[in-house]
Structures are given as C-alpha cells and as structure tokens.
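Content type CSV, C-alpha atoms, from the file my_file29.csv:
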```csv
chain,number,residue,atom,x,y,z
I,3,MET,CA,31.5,-116.2,-203.5
I,4,THR,CA,31.9,-116.9,-207.2
I,5,SER,CA,30.0,-120.2,-206.6
I,6,VAL,CA,27.0,-118.3,-205.1
I,7,LEU,CA,27.0,-115.4,-207.6
I,8,GLU,CA,27.7,-117.2,-210.8
I,9,GLY,CA,26.9,-120.8,-210.1
I,10,THR,CA,30.4,-122.0,-210.7
I,11,ALA,CA,31.7,-124.5,-208.3
I,12,ALA,CA,35.3,-124.6,-209.4
I,13,ASP,CA,36.6,-122.4,-206.6
I,14,ALA,CA,34.4,-123.7,-203.9
I,15,ARG,CA,36.1,-125.4,-200.9
I,16,VAL,CA,32.8,-126.9,-199.9
I,17,PRO,CA,32.5,-130.7,-200.5
I,18,HIS,CA,30.2,-131.5,-203.4
I,19,ALA,CA,29.7,-127.9,-204.2
I,20,ALA,CA,29.2,-128.6,-207.9
I,21,GLU,CA,26.4,-131.0,-207.3
I,22,LEU,CA,24.7,-128.7,-204.8
I,23,ILE,CA,24.9,-125.6,-207.1
I,24,GLU,CA,23.5,-127.7,-210.0
I,25,PHE,CA,20.7,-128.9,-207.7
I,26,CYS,CA,19.7,-125.3,-206.8
I,27,GLU,CA,19.6,-124.2,-210.4
I,28,ALA,CA,17.8,-127.2,-211.7
I,29,MET,CA,15.1,-127.0,-209.0
I,30,LEU,CA,14.5,-123.3,-209.6
I,31,GLY,CA,14.3,-124.0,-213.4
I,32,THR,CA,11.7,-125.9,-215.3
I,33,GLU,CA,13.6,-128.5,-217.2
I,34,VAL,CA,12.5,-131.9,-215.9
I,35,ALA,CA,15.4,-133.9,-217.3
I,36,TRP,CA,17.9,-131.5,-215.6
I,37,GLN,CA,16.0,-131.9,-212.3
I,38,VAL,CA,16.2,-135.7,-212.5
I,39,ARG,CA,19.9,-135.6,-213.2
I,40,ALA,CA,20.6,-133.0,-210.5
I,41,ARG,CA,18.7,-135.0,-207.9
I,42,ALA,CA,20.5,-138.2,-208.8
I,43,ALA,CA,23.8,-136.4,-208.5
I,44,VAL,CA,23.2,-135.1,-205.1
I,45,ARG,CA,21.9,-138.4,-203.9
I,46,ALA,CA,25.0,-140.2,-205.3
I,47,ALA,CA,27.2,-137.7,-203.6
I,48,LEU,CA,25.5,-137.2,-200.2
I,49,GLY,CA,23.1,-140.1,-199.8
I,50,PRO,CA,19.3,-140.0,-199.4
I,51,ALA,CA,19.5,-138.0,-196.2
I,52,GLY,CA,21.7,-135.4,-197.8
I,53,LEU,CA,19.3,-135.2,-200.7
I,54,ALA,CA,16.4,-134.7,-198.3
I,55,ASP,CA,18.2,-131.9,-196.4
I,56,ALA,CA,19.3,-130.2,-199.6
I,57,ALA,CA,15.7,-130.2,-200.8
I,58,ALA,CA,14.7,-128.7,-197.5
I,59,ILE,CA,17.2,-125.9,-197.8
I,60,VAL,CA,16.1,-125.1,-201.3
I,61,ALA,CA,12.5,-125.1,-200.2
I,62,SER,CA,13.2,-122.8,-197.2
I,63,PHE,CA,15.1,-120.2,-199.2
I,64,ASN,CA,12.7,-120.3,-202.2
I,65,ALA,CA,9.9,-119.5,-199.8
I,66,VAL,CA,11.3,-117.0,-197.3
I,67,VAL,CA,12.0,-114.6,-200.1
I,68,LYS,CA,8.3,-114.2,-200.5
I,69,LEU,CA,8.1,-112.7,-197.0
I,70,ALA,CA,10.8,-110.2,-197.7
I,71,ASP,CA,9.7,-109.3,-201.2
I,72,GLY,CA,6.0,-109.3,-200.5
I,73,THR,CA,6.2,-107.0,-197.4
I,74,GLY,CA,9.2,-104.8,-198.2
I,75,ILE,CA,10.7,-105.7,-194.8
I,76,PRO,CA,14.2,-104.0,-194.6
I,77,LEU,CA,17.4,-105.6,-193.5
I,78,GLU,CA,18.3,-104.7,-190.0
I,79,ASP,CA,20.7,-101.8,-189.8
I,80,PHE,CA,23.4,-103.8,-188.0
I,81,LYS,CA,23.2,-106.5,-190.6
I,82,ALA,CA,23.3,-104.0,-193.5
I,83,GLU,CA,26.4,-102.4,-191.9
I,84,ALA,CA,28.1,-105.7,-191.2
I,85,THR,CA,27.5,-107.0,-194.7
I,86,ARG,CA,28.0,-103.7,-196.6
I,87,ASP,CA,31.1,-104.9,-198.6
I,88,LEU,CA,29.7,-108.3,-199.2
I,89,ARG,CA,26.4,-106.8,-200.5
I,90,ALA,CA,28.3,-104.5,-202.8
I,91,GLU,CA,30.2,-107.4,-204.2
I,92,LEU,CA,26.9,-109.3,-204.7
I,93,GLY,CA,25.2,-106.3,-206.2
I,94,LEU,CA,22.2,-106.9,-203.8
I,95,GLU,CA,21.2,-103.3,-203.3
I,96,ARG,CA,19.6,-103.3,-206.8
I,97,PHE,CA,17.0,-105.7,-205.4
I,98,ASN,CA,16.2,-103.5,-202.4
I,99,ARG,CA,13.1,-101.6,-203.3
I,100,GLY,CA,12.3,-100.5,-199.8
I,101,ALA,CA,11.2,-97.1,-201.1
I,102,GLY,CA,10.0,-98.8,-204.3
I,103,GLU,CA,8.4,-97.0,-207.1
I,104,GLY,CA,6.4,-98.6,-209.9
D,27,MET,CA,6.2,-126.1,-211.6
D,28,PRO,CA,6.1,-128.8,-214.1
D,29,VAL,CA,4.9,-132.3,-213.5
D,30,HIS,CA,8.1,-134.0,-212.6
D,31,ASP,CA,9.6,-137.5,-212.8
D,32,ALA,CA,9.7,-139.0,-209.4
D,33,LEU,CA,12.6,-141.0,-208.2
D,34,PRO,CA,11.6,-144.6,-207.9
D,35,ASP,CA,11.6,-144.4,-204.2
D,36,ALA,CA,10.9,-140.7,-203.8
D,37,ASN,CA,8.1,-141.3,-201.4
D,38,ALA,CA,10.3,-143.4,-199.2
D,39,MET,CA,13.0,-140.7,-198.7
D,40,PRO,CA,14.3,-140.4,-195.1
D,41,ILE,CA,12.5,-137.3,-193.9
D,42,ARG,CA,13.6,-136.2,-190.5
D,43,GLU,CA,10.9,-136.8,-187.8
D,44,GLY,CA,10.7,-133.1,-186.9
D,45,LEU,CA,10.4,-132.1,-190.6
D,46,ALA,CA,7.7,-134.7,-191.3
D,47,ARG,CA,5.7,-133.5,-188.3
D,48,GLU,CA,5.9,-129.8,-189.4
D,49,LEU,CA,5.0,-130.6,-193.0
D,50,ALA,CA,1.9,-132.5,-191.8
D,51,ARG,CA,1.0,-129.6,-189.5
D,52,ALA,CA,1.6,-127.0,-192.3
D,53,TRP,CA,-0.7,-128.8,-194.7
D,54,ARG,CA,-3.4,-128.9,-192.0
D,55,ARG,CA,-2.9,-125.2,-191.2
D,56,LEU,CA,-3.2,-124.4,-194.9
D,57,ALA,CA,-6.7,-125.8,-194.8
D,58,GLU,CA,-7.8,-124.4,-191.5
D,59,PRO,CA,-9.6,-121.1,-191.1
D,60,GLY,CA,-7.0,-118.4,-190.8
D,61,THR,CA,-7.2,-114.9,-189.3
D,62,TRP,CA,-8.8,-113.1,-192.3
D,63,TRP,CA,-9.6,-116.0,-194.8
D,64,SER,CA,-11.6,-119.1,-194.3
D,65,GLY,CA,-10.1,-122.5,-194.9
D,66,ALA,CA,-11.7,-122.7,-198.3
D,67,GLU,CA,-10.4,-119.3,-199.2
D,68,ARG,CA,-6.9,-120.1,-198.0
D,69,LEU,CA,-7.0,-123.2,-200.3
D,70,ALA,CA,-8.3,-121.0,-203.1
D,71,LEU,CA,-5.2,-118.8,-202.6
D,72,ALA,CA,-3.1,-121.9,-202.7
D,73,ALA,CA,-4.8,-123.0,-205.9
D,74,GLU,CA,-4.0,-119.7,-207.5
D,75,VAL,CA,-0.3,-120.1,-206.5
D,76,ARG,CA,-0.2,-123.3,-208.4
D,77,ALA,CA,-2.1,-121.9,-211.4
D,78,ALA,CA,0.3,-119.0,-211.6
D,79,ARG,CA,3.1,-121.3,-212.6
D,80,SER,CA,1.5,-121.9,-215.9
D,81,CYS,CA,-0.4,-118.6,-216.3
D,82,ALA,CA,0.3,-116.9,-219.7
D,83,LEU,CA,-0.1,-113.4,-218.3
D,84,CYS,CA,2.4,-114.1,-215.6
D,85,ARG,CA,4.8,-115.5,-218.2
D,86,GLN,CA,4.4,-112.3,-220.3
D,87,ARG,CA,5.0,-110.1,-217.3
D,88,LYS,CA,8.0,-112.1,-216.2
D,89,ALA,CA,9.6,-111.6,-219.6
D,90,ALA,CA,8.8,-107.9,-219.8
D,91,LEU,CA,11.2,-105.2,-218.8
D,92,SER,CA,8.6,-104.0,-216.3
D,93,PRO,CA,5.8,-106.2,-215.1
D,94,TYR,CA,3.5,-103.2,-214.6
D,95,GLY,CA,2.8,-102.3,-218.2
D,96,ILE,CA,1.0,-105.5,-219.3
D,97,ASP,CA,-2.7,-105.9,-218.6
D,98,GLY,CA,-4.7,-109.0,-218.9
D,99,VAL,CA,-6.6,-111.8,-217.1
D,100,HIS,CA,-4.8,-114.4,-215.1
D,101,GLU,CA,-5.4,-118.1,-215.8
D,102,GLY,CA,-6.6,-120.0,-212.7
D,103,PRO,CA,-9.7,-121.0,-210.7
D,104,GLY,CA,-10.6,-117.3,-210.4
D,105,THR,CA,-12.8,-117.8,-207.4
D,106,LEU,CA,-11.3,-114.9,-205.5
D,107,PRO,CA,-11.6,-111.2,-206.2
D,108,GLU,CA,-9.4,-110.0,-209.1
D,109,ALA,CA,-7.1,-107.8,-206.9
D,110,VAL,CA,-6.4,-110.9,-204.7
D,111,VAL,CA,-5.7,-113.1,-207.7
D,112,ASP,CA,-3.4,-110.6,-209.2
D,113,ALA,CA,-1.5,-110.2,-205.9
D,114,VAL,CA,-1.1,-113.9,-205.5
D,115,HIS,CA,0.1,-114.5,-209.0
D,116,ARG,CA,2.6,-111.7,-208.7
D,117,LEU,CA,3.8,-113.0,-205.4
D,118,ALA,CA,4.1,-116.5,-206.8
D,119,THR,CA,5.9,-115.8,-210.0
D,120,ASP,CA,7.7,-112.4,-209.8
D,121,ALA,CA,7.9,-111.3,-206.1
D,122,GLY,CA,11.3,-109.8,-206.6
D,123,ARG,CA,9.8,-107.0,-208.7
D,124,LEU,CA,6.9,-106.0,-206.3
D,125,THR,CA,7.0,-102.4,-205.2
D,126,ARG,CA,5.5,-100.3,-202.5
D,127,GLY,CA,3.7,-98.4,-205.2
D,128,TRP,CA,2.1,-101.5,-206.6
D,129,LEU,CA,1.0,-102.6,-203.1
D,130,GLU,CA,-0.6,-99.2,-202.4
D,131,ARG,CA,-2.6,-99.5,-205.6
D,132,ALA,CA,-3.7,-103.0,-204.8
D,133,LEU,CA,-4.8,-102.0,-201.4
D,134,GLY,CA,-6.7,-99.2,-203.0
D,135,ARG,CA,-8.6,-101.7,-205.1
D,136,GLY,CA,-10.3,-103.4,-202.2
D,137,LEU,CA,-7.6,-105.8,-201.0
D,138,ALA,CA,-7.4,-105.3,-197.2
D,139,GLU,CA,-3.9,-105.0,-195.7
D,140,ALA,CA,-4.3,-107.9,-193.3
D,141,GLN,CA,-5.8,-110.1,-195.9
D,142,TYR,CA,-2.8,-109.4,-198.1
D,143,VAL,CA,-0.4,-110.2,-195.3
D,144,GLU,CA,-2.1,-113.5,-194.7
D,145,ALA,CA,-2.0,-114.2,-198.5
D,146,VAL,CA,1.7,-113.7,-198.4
D,147,GLY,CA,1.9,-116.3,-195.7
D,148,VAL,CA,-0.1,-118.8,-197.7
D,149,VAL,CA,2.0,-118.2,-200.8
D,150,ALA,CA,5.2,-118.7,-198.8
D,151,LEU,CA,4.0,-121.8,-197.0
D,152,LEU,CA,2.8,-123.5,-200.2
D,153,THR,CA,5.9,-122.5,-202.0
D,154,ALA,CA,8.0,-124.2,-199.3
D,155,MET,CA,6.0,-127.4,-199.4
D,156,ASP,CA,5.7,-127.6,-203.2
D,157,THR,CA,9.4,-126.8,-203.7
D,158,PHE,CA,10.4,-129.5,-201.2
D,159,ASP,CA,8.3,-132.1,-203.0
D,160,LEU,CA,9.7,-131.0,-206.4
D,161,ALA,CA,13.3,-131.1,-205.1
D,162,LEU,CA,12.8,-134.5,-203.7
D,163,GLY,CA,11.2,-135.8,-206.9
D,164,ARG,CA,7.8,-136.4,-205.2
D,165,ALA,CA,4.5,-135.8,-206.9
D,166,GLU,CA,2.8,-132.5,-206.0
D,167,CYS,CA,0.5,-133.1,-203.0
D,168,PRO,CA,-3.2,-132.6,-203.8
D,169,LEU,CA,-4.6,-129.7,-201.9
D,170,PRO,CA,-6.5,-130.9,-198.8
D,171,ALA,CA,-10.1,-130.4,-198.1
D,172,PRO,CA,-11.0,-127.2,-196.3
D,173,ILE,CA,-11.6,-127.3,-192.5
D,174,PRO,CA,-14.9,-125.5,-191.7
D,175,GLY,CA,-14.9,-122.5,-189.4
D,176,GLU,CA,-14.8,-118.8,-189.3
D,177,PRO,CA,-11.6,-116.7,-189.5
D,178,ALA,CA,-10.5,-115.2,-186.2
D,179,ARG,CA,-10.5,-111.6,-187.6
D,180,ALA,CA,-8.3,-110.2,-184.9
D,181,ARG,CA,-5.8,-107.4,-185.7
D,182,PRO,CA,-3.0,-106.8,-183.2
D,183,ALA,CA,-3.7,-103.5,-181.4
D,184,GLY,CA,0.0,-102.6,-181.4
D,185,ALA,CA,0.4,-102.8,-185.2
D,186,LYS,CA,2.0,-99.8,-186.9
D,187,ARG,CA,3.1,-99.1,-190.4
D,188,ASN,CA,6.6,-97.9,-189.6
D,189,LEU,CA,9.0,-100.6,-190.8
D,190,ALA,CA,7.8,-102.3,-194.0
D,191,TRP,CA,5.2,-101.6,-196.7
D,192,VAL,CA,2.6,-103.2,-194.4
D,193,SER,CA,1.9,-102.8,-190.8
D,194,THR,CA,4.0,-104.8,-188.4
D,195,VAL,CA,4.1,-105.3,-184.6
D,196,ALA,CA,7.4,-104.6,-182.9
D,197,PRO,CA,8.1,-106.8,-179.9
D,198,GLU,CA,7.9,-103.8,-177.6
D,199,ASP,CA,4.5,-102.9,-179.0
D,200,LEU,CA,2.9,-106.2,-178.2
D,201,LEU,CA,-0.1,-105.4,-176.0
D,202,PRO,CA,-2.0,-107.7,-173.6
D,203,GLY,CA,-4.3,-109.8,-175.6
D,204,ASP,CA,-2.2,-109.7,-178.8
D,205,PRO,CA,-0.8,-113.1,-179.7
D,206,ASN,CA,3.0,-113.2,-179.4
D,207,PRO,CA,4.4,-114.3,-182.8
D,208,TYR,CA,8.0,-114.1,-181.5
D,209,ALA,CA,8.0,-116.5,-178.6
D,210,LEU,CA,9.5,-119.5,-180.4
D,211,HIS,CA,11.5,-118.3,-183.3
D,212,GLY,CA,12.8,-114.8,-182.6
D,213,SER,CA,11.9,-111.3,-183.6
D,214,LYS,CA,14.3,-110.3,-186.4
D,215,ASN,CA,12.8,-108.2,-189.2
D,216,ILE,CA,12.1,-111.3,-191.3
D,217,HIS,CA,9.9,-112.6,-188.4
D,218,ARG,CA,8.2,-109.3,-188.2
D,219,ALA,CA,7.3,-109.3,-191.9
D,220,LEU,CA,3.9,-111.1,-191.3
D,221,SER,CA,3.3,-109.9,-187.8
D,222,LEU,CA,0.1,-108.1,-188.6
D,223,VAL,CA,-1.2,-111.6,-188.8
D,224,PRO,CA,0.7,-113.3,-185.9
D,225,GLN,CA,-0.5,-116.8,-186.7
D,226,GLU,CA,1.1,-116.6,-190.1
D,227,VAL,CA,4.5,-115.9,-188.5
D,228,ILE,CA,4.0,-119.0,-186.4
D,229,ASN,CA,2.8,-121.1,-189.4
D,230,PHE,CA,5.7,-120.2,-191.6
D,231,PHE,CA,8.5,-120.4,-189.1
D,232,ASP,CA,7.4,-123.6,-187.4
D,233,LEU,CA,8.0,-125.2,-190.8
D,234,ASP,CA,11.0,-123.1,-191.8
D,235,VAL,CA,13.1,-124.0,-188.8
D,236,GLU,CA,12.8,-127.7,-189.7
D,237,LEU,CA,13.5,-127.1,-193.3
D,238,TYR,CA,16.6,-125.0,-192.5
D,239,LEU,CA,17.7,-124.5,-188.9
D,240,LYS,CA,16.6,-122.9,-185.7
D,241,ASP,CA,18.0,-119.5,-185.1
D,242,HIS,CA,20.6,-120.6,-182.5
D,243,GLU,CA,21.7,-123.5,-184.7
D,244,ILE,CA,22.6,-121.3,-187.7
D,245,ARG,CA,25.7,-119.9,-185.9
D,246,ASP,CA,26.5,-123.0,-183.9
D,247,PHE,CA,29.5,-124.1,-186.1
D,248,GLY,CA,30.6,-126.6,-183.5
D,249,ARG,CA,27.9,-129.0,-184.3
D,250,GLU,CA,26.1,-130.2,-187.4
D,251,TYR,CA,22.3,-130.7,-187.2
D,252,ARG,CA,21.7,-132.0,-190.6
D,253,ALA,CA,23.1,-134.5,-193.1
D,254,LEU,CA,24.7,-131.4,-194.7
D,255,THR,CA,27.4,-129.3,-193.1
D,256,HIS,CA,26.9,-125.6,-192.4
D,257,PRO,CA,29.0,-124.6,-195.4
D,258,GLN,CA,27.0,-126.9,-197.7
D,259,MET,CA,23.7,-125.4,-196.4
D,260,GLU,CA,25.0,-121.8,-196.7
D,261,LEU,CA,26.1,-122.6,-200.3
D,262,LEU,CA,22.6,-123.8,-201.1
D,263,ALA,CA,21.0,-120.9,-199.3
D,264,GLY,CA,23.2,-118.3,-201.0
D,265,ARG,CA,22.7,-119.7,-204.5
D,266,VAL,CA,18.9,-119.9,-204.1
D,267,SER,CA,18.8,-116.4,-202.8
D,268,ALA,CA,21.0,-115.1,-205.6
D,269,LEU,CA,18.8,-116.8,-208.2
D,270,ASN,CA,15.7,-115.2,-206.6
D,271,GLY,CA,17.4,-111.8,-206.5
D,272,CYS,CA,16.7,-111.7,-202.7
D,273,TYR,CA,18.0,-108.5,-201.1
D,274,TYR,CA,17.3,-109.6,-197.5
```
Rewrite the coordinates I just gave you, this time as structure tokens.
Amino acid sequence: MTSVLEGTAADARVPHAAELIEFCEAMLGTEVAWQVRARAAVRAALGPAGLADAAAIVASFNAVVKLADGTGIPLEDFKAEATRDLRAELGLERFNRGAGEG
Amino acid sequence: MPVHDALPDANAMPIREGLARELARAWRRLAEPGTWWSGAERLALAAEVRAARSCALCRQRKAALSPYGIDGVHEGPGTLPEAVVDAVHRLATDAGRLTRGWLERALGRGLAEAQYVEAVGVVALLTAMDTFDLALGRAECPLPAPIPGEPARARPAGAKRNLAWVSTVAPEDLLPGDPNPYALHGSKNIHRALSLVPQEVINFFDLDVELYLKDHEIRDFGREYRALTHPQMELLAGRVSALNGCYY
C-alpha cells in the first residue's frame, strides 16, 4: 500500500517493485534522462518482454482514467462498499467529483 | 510529452501479437469516420491532444489552485471550435479536475453531448498509444492520414442521463437496432462511460484488454498471462492511478 501511495518500494513484497514504481513515475513525468534510466532498469530486471508489458500497463491506466474523469462515471455500489476502508486509506474520495461543482 | 531518447532497439521490442494487432487497429480506427466526427476531425482532436502537452494555457491552469479561473487561448492547430479545443486540452492535461458544472457549461457553448463523448474516446485512445510508445522509448507515431467517409450519426435510442455526467446506455436499455457495446468486454460502469457512442467503447476496450488484461483474466490468479505477474501489474496499475488521482 505504501508503495502505491507514496512510491516507496521498501515494503513491497513484489519482485522488482522498486524498478516498477520508478518506471511509473518517470513515464508520467517529463524528465527524459529519468525516463531513459527507468526503462533501462526495468529492462535489466525483467527483460524486453517485461518492459513491453510494463509499458502496456502504464499506457492502459494512464488512458482509462480519461474515461472515468471525463464522464463522471461512478464506481459501482458493490465496489465502493467492498473497498471502503481501502479507499479511505488511499484518500480517494477527494477525487470523486460525481456531484462536482466548479 | 517530450521528445524522448529511444532505446537503440526500441522499435524491435517484443510486442505480443495480440497487442500489435490491436495497436494497428486502433491507429486505423483513429483515422476512420466515427459516429459524430469525420476521420479528419478525429485526427484534429488527436492533434489537439498532442498540442496540449506543450500548451502554455494548460500549464498555467495545471499549476493553479483552480483551473477554472484562468482564461486564455490554447496553443495548437485550432482547426476545431473553441469549446471543443478547450475540452480536449482539459481532458488531455487535467482530467482529474473536470467537474459536472464545467461540462454543463461546455455543452451550453455548442459542444454536443455525443460529440464530447466521442472526443473523450479519442483522447483516451491516443493517450494509451502515445504513452505506450513513450514508455517503450519509441518515437511518437505520426498521425495517420484521414480515411474519407461520413460519420454514422446514430444515437442509441435507449440512452439516458441517469448514471454519469453524460448519457449512457444500461445493458437492459439496449434496444433492437442499437449497437451492443458490451458483447465482448463486459458492462461494468467503466464500460458504460462512453456507451452513448457505442463504437468508442469497442475502440477503447479492444485495445485496453491487450494492454492490460481481459476481464476474466484480471482475477485468474492461477495463471499468468503476461511477462509480469499479477502483483507486478497491480502495483503498476495502482501507482499510475494514484499519480493520476483516479477515484475509479
């Protein structure tokens, strides 16, 4: 959870979490040298196929957010209920502008 | 996104066959006549998405406490009406701070609801493809040439504005003659988001299930479908969503 929230991989029990977290952050940023380093690190850790699949996941989740944010589609009730504690920990409700003003 | 340094063999990366097929199809679909925009107009929307990444007005708004107090003119090709350009730039650079109130005002300035929904689909599709290339270290693909033809201009008869900021079609409200956008990829709310323009649901999720996973594969923890494990994929997905402030 800390890895997802804060981008720290120290507590992650996922193999190569540090490289993957760094990869996400670099690709959503704008620093070219950082992106080059992050790609190389994922490739060294997970191979070319791992890099390709990591790129695909980042692409998917960087895009699908446009659907949710652009249309104000709500989370299903059963999912909201099932993930209530998790969402509170993540502080995600502050992003839910279903009845948005502004 | 910036021009990026490609890996020496970035264009020879091992892209899965299914993903390569869907990427090619997505580029073609981007250039084809859509439901409410022509192929040339869809590519103009795509060109605005790319222009938004270096647009000074978008940067100013992104840095502001609220993006709604700063007026100005967007930098870009500007071949589409102003309300459309503004919507696309906001979707591309600051989608997390869009609101129902903003959309209502945009629709009041002449942007048709179904045109907006299709534009969201175009923004999402191009974002996926450009992000993939960037993440792999590949050069940004030039936009293709438009494919001639007229938009279909068909609105699902069963569409209602009762779930999201825009009208959607519930599976039970699909009427004979309405295209079924849920046949292949499911009908969760995220699939319903673009259902006012059914072809955009199909366009996006045909690609997305190859980038990520098909719905039944997501919870199939007994098998790995990619070069990454389920936990590795979920770590990436969670971190990208957190960075984007995604509530969904």
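Nearest to chain I of all the residues D:Ala253, D:Ala145, D:Ala72, D:Cys167 is D:Ala253, based on all atoms listed in the file.
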Within 7 Å of chain I, which residues belong to chain D? Use all atoms listed in the file and report them as number ranges by chain. D: 27-28, 30-31, 39-41, 117, 121-122, 124-128, 146, 150-151, 153-155, 157-158, 161-162, 189-192, 215-216, 219, 234, 237-238, 252-254, 257-259, 261-268, 271-274
Would you pick out the contacts of region 168-171 of chain D at 10 Å or less, using all atoms listed in the file, so that residues sharing its chain but fewer than 6 positions from it are not included, and give the list as a PDB file with C-alpha atoms, keeping the file's coordinate frame?
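around.pdb was written with the following content:
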```
ATOM      1  CA  TRP D  53      -0.700-128.800-194.700  1.00  0.00           C
ATOM      2  CA  ARG D  54      -3.400-128.900-192.000  1.00  0.00           C
ATOM      3  CA  LEU D  56      -3.200-124.400-194.900  1.00  0.00           C
ATOM      4  CA  ALA D  57      -6.700-125.800-194.800  1.00  0.00           C
ATOM      5  CA  GLU D  58      -7.800-124.400-191.500  1.00  0.00           C
ATOM      6  CA  GLY D  65     -10.100-122.500-194.900  1.00  0.00           C
ATOM      7  CA  ALA D  66     -11.700-122.700-198.300  1.00  0.00           C
ATOM      8  CA  LEU D  69      -7.000-123.200-200.300  1.00  0.00           C
ATOM      9  CA  ALA D  70      -8.300-121.000-203.100  1.00  0.00           C
ATOM     10  CA  ALA D  72      -3.100-121.900-202.700  1.00  0.00           C
ATOM     11  CA  ALA D  73      -4.800-123.000-205.900  1.00  0.00           C
ATOM     12  CA  LEU D 152       2.800-123.500-200.200  1.00  0.00           C
TER      13      LEU D 152
END
```
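Coordinates place CA of Pro207 (chain D) at a distance of 5.9 Å from CA of Val227 (chain D).
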So, with all atoms listed in the file as the atoms that count, which of D:Ala89, D:Ala209, D:Leu71, D:Ile173 lies closest to Pro197 (chain D)? D:Ala209
Within 9 Å of (6.0, -105.3, -213.9), in the coordinates the file gives, what residues turn up when you count only C-alpha atoms, written out as a VMD selection string? (chain I and resid 104) or (chain D and resid 87 to 88 90 to 96 116 120 123 to 124)
Name the residues within 6 Å of (-12.0, -118.3, -184.4), counting all atoms listed in the file in the file's coordinates, and put them as an MDAnalysis selection string. chainID D and resid 176:178
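Here CA of Val143 (chain D) is placed at a distance of 18.7 Å from CA of His211 (chain D).
Computed from the coordinates, the CA of Ala78 (chain D) to CA of Leu222 (chain D) distance equals 25.5 Å.
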If you keep C-alpha atoms, can you output region 25-90 of chain I as a compact mmCIF listing (two decimals), in the first residue's frame?
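After the write, out.txt holds the following:
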```
# COMPACT_ATOMS: atom_id res chain seq x y z
CA PHE I 25 9.14 3.38 -14.13
CA CYS I 26 5.58 4.64 -13.46
CA GLU I 27 6.76 7.89 -12.01
CA ALA I 28 9.28 8.56 -14.75
CA MET I 29 6.81 7.87 -17.55
CA LEU I 30 4.18 10.17 -16.05
CA GLY I 31 6.83 12.85 -15.62
CA THR I 32 8.69 14.87 -18.19
CA GLU I 33 12.36 14.31 -17.40
CA VAL I 34 13.84 12.48 -20.36
CA ALA I 35 17.02 11.31 -18.63
CA TRP I 36 14.93 9.83 -15.81
CA GLN I 37 12.77 8.01 -18.35
CA VAL I 38 15.83 6.54 -20.05
CA ARG I 39 17.21 5.29 -16.72
CA ALA I 40 13.86 3.87 -15.62
CA ARG I 41 13.35 1.98 -18.88
CA ALA I 42 16.83 0.53 -18.71
CA ALA I 43 16.28 -0.58 -15.11
CA VAL I 44 13.03 -2.39 -15.91
CA ARG I 45 14.58 -4.00 -18.93
CA ALA I 46 17.57 -5.18 -16.91
CA ALA I 47 15.30 -6.56 -14.18
CA LEU I 48 12.51 -8.09 -16.25
CA GLY I 49 13.82 -8.41 -19.79
CA PRO I 50 12.47 -6.91 -23.01
CA ALA I 51 9.10 -8.67 -22.71
CA GLY I 52 8.74 -7.43 -19.15
CA LEU I 53 9.50 -3.89 -20.27
CA ALA I 54 6.93 -4.16 -23.06
CA ASP I 55 4.26 -5.39 -20.66
CA ALA I 56 5.13 -2.76 -18.06
CA ALA I 57 4.78 -0.10 -20.76
CA ALA I 58 1.41 -1.56 -21.72
CA ILE I 59 0.07 -1.41 -18.15
CA VAL I 60 1.21 2.18 -17.69
CA ALA I 61 -0.44 3.05 -21.02
CA SER I 62 -3.70 1.36 -20.05
CA PHE I 63 -4.07 3.04 -16.69
CA ASN I 64 -2.89 6.41 -17.93
CA ALA I 65 -5.70 6.27 -20.50
CA VAL I 66 -8.64 4.67 -18.73
CA VAL I 67 -8.63 7.49 -16.19
CA LYS I 68 -9.78 9.80 -19.01
CA LEU I 69 -12.98 7.77 -19.34
CA ALA I 70 -13.77 8.00 -15.64
CA ASP I 71 -12.74 11.63 -15.19
CA GLY I 72 -14.23 12.83 -18.46
CA THR I 73 -17.67 11.33 -17.95
CA GLY I 74 -18.05 11.34 -14.16
CA ILE I 75 -18.92 7.67 -14.20
CA PRO I 76 -19.33 6.47 -10.59
CA LEU I 77 -17.81 3.44 -9.01
CA GLU I 78 -20.34 0.61 -8.68
CA ASP I 79 -22.00 0.49 -5.25
CA PHE I 80 -20.75 -3.01 -4.52
CA LYS I 81 -17.19 -2.00 -5.34
CA ALA I 82 -17.42 1.16 -3.27
CA GLU I 83 -18.69 -0.86 -0.31
CA ALA I 84 -16.09 -3.61 -0.74
CA THR I 85 -13.26 -1.11 -0.93
CA ARG I 86 -14.50 1.45 1.60
CA ASP I 87 -11.63 1.01 4.07
CA LEU I 88 -9.04 0.82 1.33
CA ARG I 89 -10.38 3.96 -0.32
CA ALA I 90 -10.32 5.80 3.00
```
